[in-house]
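Student: My structure is below; once you've seen it, I'll send some questions.
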Protein chains: 2
Amino acid sequence: MTRFDTYFLMKPNDVAEYAKTQLDVFAPDADLEGAEIGDGNINFIFRVRDRKTGQSVIVKQAGPTARISDAFVLSTDRARIEAEILMLEARLAPGLVPVVYKYDAVMSCCVMEDLSDHEIMRAALLKHQVFPRFAEDITTFMVNTLLLTTDVVLDHQEKKRLSGRYINPELCEITEDLVYTEPFNDYKGRNDVFGPNQAWVEANLYGDAALRLEAAKLKFDFLTNGQALIHGDLHTGSIFITPESTKVIDPEFAFYGPMGYDVGNVIANLIFAWANGDATLPAGAERDAYLGWIENTIVAVVDLFNQKFLAAWAANARDVFTREPGFDRWYLDTVLRDTAGVCGLELCRRTVGLAHVKDLTSITDAAARVRAERICLTAAKDYIKQRESYRTGADFLAGMKRAIAAHST
Amino acid sequence: MTRFDTYFLMKPNDVAEYAKTQLDVFAPDADLEGAEIGDGNINFIFRVRDRKTGQSVIVKQAGPTARISDAFVLSTDRARIEAEILMLEARLAPGLVPVVYKYDAVMSCCVMEDLSDHEIMRAALLKHQVFPRFAEDITTFMVNTLLLTTDVVLDHQEKKRLSGRYINPELCEITEDLVYTEPFNDYKGRNDVFGPNQAWVEANLYGDAALRLEAAKLKFDFLTNGQALIHGDLHTGSIFITPESTKVIDPEFAFYGPMGYDVGNVIANLIFAWANGDATLPAGAERDAYLGWIENTIVAVVDLFNQKFLAAWAANARDVFTREPGFDRWYLDTVLRDTAGVCGLELCRRTVGLAHVKDLTSITDAAARVRAERICLTAAKDYIKQRESYRTGADFLAGMKRAIAAHST
């Protein structure tokens, strides 16, 4: 018996002792120190480091409620989901997720590779750094983790059993509320709208019945479309990055849902990065290079996703009907339609909803923030309402450009 | 310990002893006799009867393979699914399913109400009997069991947990193959086409690439659309009936799938009944009355389903978005589209696939059977390809009438 045979919420010293007694990772004479390093919304993140060698691991523990608010009571089962999904993603997309050393079902914690040499992509983008490998890496990650977990490729019975392992009712409900519902009606009164945009949001978001109807359709797709084992929270805050490496983290929202949810999140968060750069970078070469890189990356994410998707389909599709001429393209078009819709939802909810992005909130000039938010929301409405028309990277970029033109100063 | 503490496949005498020792249904001095009465494809069905009083129950046991063929290895978990679903359906649609007295997880058997005073609807239709209550009862059953298990009405977390209880990979795979794939390509060589129609089927079914593409789309909807807890096998052989009563049985194929699967099956099997009557009844009042009742019933099933669906939505819908104007009608239209598609699939697979219907196979005149099958297949192709255009009972009847006109003699 050890004190880790019964669940409790660990403090930094507990985590160091845990690493010493429960892991095979460190040398027997390691001099371990623990520290809480995360400030995420949901979980507790610690680093355990050997003072002698500098070797370190990350310990991520799930509490019985969300870290930011006891109002979100959550099953600690999310730690199992995260650990298992990271291990599955490592097989499907090698090198694009952190290595998992151990999952502890009793303590609801996961011990994994320390990526301290990487940076959270959103933070790096706020410094207007560019990442030439990103489009290549993230599209490989998405095509491999998404298409390879669908009925297109997997044995259908195996896929059904996998879907049963990752039902994830609680975290899905958070998404259903925060992403799919509240941005369009504030029915729980939790939205957090930037003051100077309040009237605009009421008129153009809450007041748009046609938009609400499309959001309702998208929500019921999210509730029922068990297409692929999606990451479920694939924004730039869930990506560790360097110019040479991309690592996707935090898959605790994973479940069988529409692929477009992941792809749309990536694109929306690139648009936020663009809006930040546009609002804060002075005219000049750095601005042009940064905004140009974001625009090229948006186009590349969509176009590389399309190319790799069709190539992976040709190489891996298994169901006999997947060889019907035109079926791959039809299927991909439904994914792109969902992608555009979700991109719009994410743009809305991160602008007016409970959980903002720093890309917008860190814009200190009020007029610039007003404009940045309206660009995001105007693009969002087009992505949602015209989602059937989005197919290529150029389509997605054009949607953003139309919104920019509508708010040109 | 009793011999029923370990699973074995029961014989009639075992079932009588089981009823004597394991049930509280019969009097202590009952004189019980068991008999196997079923000739279904999947399970073993027994009746246990008290010779003294005539009181009886049905015992349905799941074997480790399908009753008709050891080639279909099936989890006995289907007995749990059937018993639990019958109890759930009894709450949602009272009086429209048999009463369950006991489910025995060890013996994988379910003890339920004996409906010997009812007749299997397909057998009764083969005698050209009419059932004035049928459209009313089956639409109540469908709207209540389907809409009330969706995210429209259920708490979303509860719905996700329910969906996890009824994943049903093995029986779904049977449907995926037999209904959604093989009728259009015979890729397993198991189809069983009526000789004089072989060339016609090869040209008009297997040879129709556009039809195969639509079947592929419908198949992937069945694989991914976790909309409602569907019955999954709702044909006229799964319905016990009298002029005053309708009881739906055999829900072992239940899982979270598209509602249209159930509605489409009901309509397709009414069309088979029409085709049988058309091919075998001589001109006269009986013929006119029977075919007229079938046609009216097809129309009534669709129209009553529509009416009751919208009324049940108004009375029970819970998700905040379900009050958006137009969302109920949009949602219902997607169900009707799926209904038309599945109606077409069922018409195809029961005509050319592994499992035929007596409505067609019992037509002894070869020319009449050729015509009846072509009417069904021609209607099927329209239901599948034009499924977006089917909304009302009149639409569905018109689709059938066009097929009849195309093969008029």
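In the structure tokens, chains take the letters A, B, ... in the order shown, each chain's residues start at 1, and ligands count up from 1 in the order shown.
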Taking only residues of chain B that have an atom at most 7 Å from an atom of chain A, what is each one's shortest atom pair and its distance in Å to one decimal, using only C-alpha atoms, in chain and number order, as a Markdown table?

Tutor:
| residue | atom | partner | partner_atom | distance |
| --- | --- | --- | --- | --- |
| B:Gln157 | CA | A:Pro169 | CA | 4.8 |
| B:Lys160 | CA | A:Pro169 | CA | 6.0 |
| B:Gly164 | CA | A:Gly164 | CA | 5.3 |
| B:Ile167 | CA | A:Lys160 | CA | 6.4 |
| B:Pro169 | CA | A:Gln157 | CA | 4.8 |
| B:Glu170 | CA | A:Gln157 | CA | 6.7 |
| B:Leu213 | CA | A:Glu324 | CA | 6.3 |
| B:Ala216 | CA | A:Phe321 | CA | 5.7 |
| B:Thr224 | CA | A:Gly226 | CA | 4.6 |
| B:Asn225 | CA | A:Asn225 | CA | 5.0 |
| B:Gly226 | CA | A:Thr224 | CA | 4.6 |
| B:Gln227 | CA | A:Thr224 | CA | 5.5 |
| B:Phe321 | CA | A:Ala216 | CA | 5.7 |
| B:Glu324 | CA | A:Leu213 | CA | 6.2 |
| B:Phe327 | CA | A:Leu213 | CA | 6.5 |

Student: I'd like to know which of A:Phe8, A:Tyr383, A:Phe44, A:Tyr18 is closest to Ile267 in chain A, using only C-alpha atoms.

Tutor: A:Tyr383

Student: How many Å lie between CA of Asn316 in chain A and CA of Val100 in chain A, rounded to one decimal?

Tutor: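 Separation between CA of Asn316 in chain A and CA of Val100 in chain A: 26.5 Å.
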
Student: Would you mind listing what lies within 9 Å of Leu291 in chain B as a ChimeraX atom specification, with only C-alpha atoms counted and same-chain residues fewer than 6 positions away left out?

Tutor: /B:128,273-275,277-278

Student: Report the distance between CA of Met1 in chain B and CA of Gln22 in chain B in Å, rounded to one decimal place.

Tutor: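 CA of Met1 in chain B sits 11.7 Å away from CA of Gln22 in chain B.
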
Student: Could you pull the residues within 8 Å of Tyr101 in chain B, counting only C-alpha atoms, minus those fewer than 3 positions along the same chain, as a PDB file with C-alpha atoms, in the first residue's frame?

Tutor:
ATOM      1  CA  VAL B  25     -45.404 -16.436 -13.369  1.00  0.00           C
ATOM      2  CA  CYS B 110     -36.052 -13.260 -22.244  1.00  0.00           C
ATOM      3  CA  VAL B 111     -39.450 -14.341 -20.931  1.00  0.00           C
ATOM      4  CA  MET B 112     -42.351 -12.365 -22.293  1.00  0.00           C
ATOM      5  CA  GLU B 113     -46.041 -12.144 -22.957  1.00  0.00           C
TER       6      GLU B 113
END

Student: Distance CA of Lys102 in chain A-CA of Leu23 in chain A, one decimal place?

Tutor: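 So the two atoms, CA of Lys102 in chain A and CA of Leu23 in chain A, lie 7.8 Å apart.
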
Student: Which residue is closest to Val130 in chain B? Choose from B:Thr378, B:Gln386, B:Ser108, B:Thr297 and count only C-alpha atoms.

Tutor: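 Of B:Thr378, B:Gln386, B:Ser108, B:Thr297, the one nearest Val130 in chain B, counting only C-alpha atoms, is B:Thr297.
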
Student: Run DSSP on the backbone of this structure and report the residues of range 266-404 of chain A it assigns to helix (DSSP H, G or I), as number ranges by chain.

Tutor: A: 266-280, 285-316, 320-323, 327-352, 358-361, 366-385, 387-389, 393-404

Student: Counting only C-alpha atoms, what is within 8 Å of Arg78 in chain B, bar same-chain residues fewer than 6 positions away, as a ChimeraX atom specification?

Tutor: /B:62,168,252-253

Student: Could you check which of B:Ala35, B:Leu9, B:Leu229, B:Ala372 is closest to Ile85 in chain B, using only C-alpha atoms?

Tutor: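 Residue with the minimum atom-to-atom distance to Ile85 in chain B: B:Leu229.
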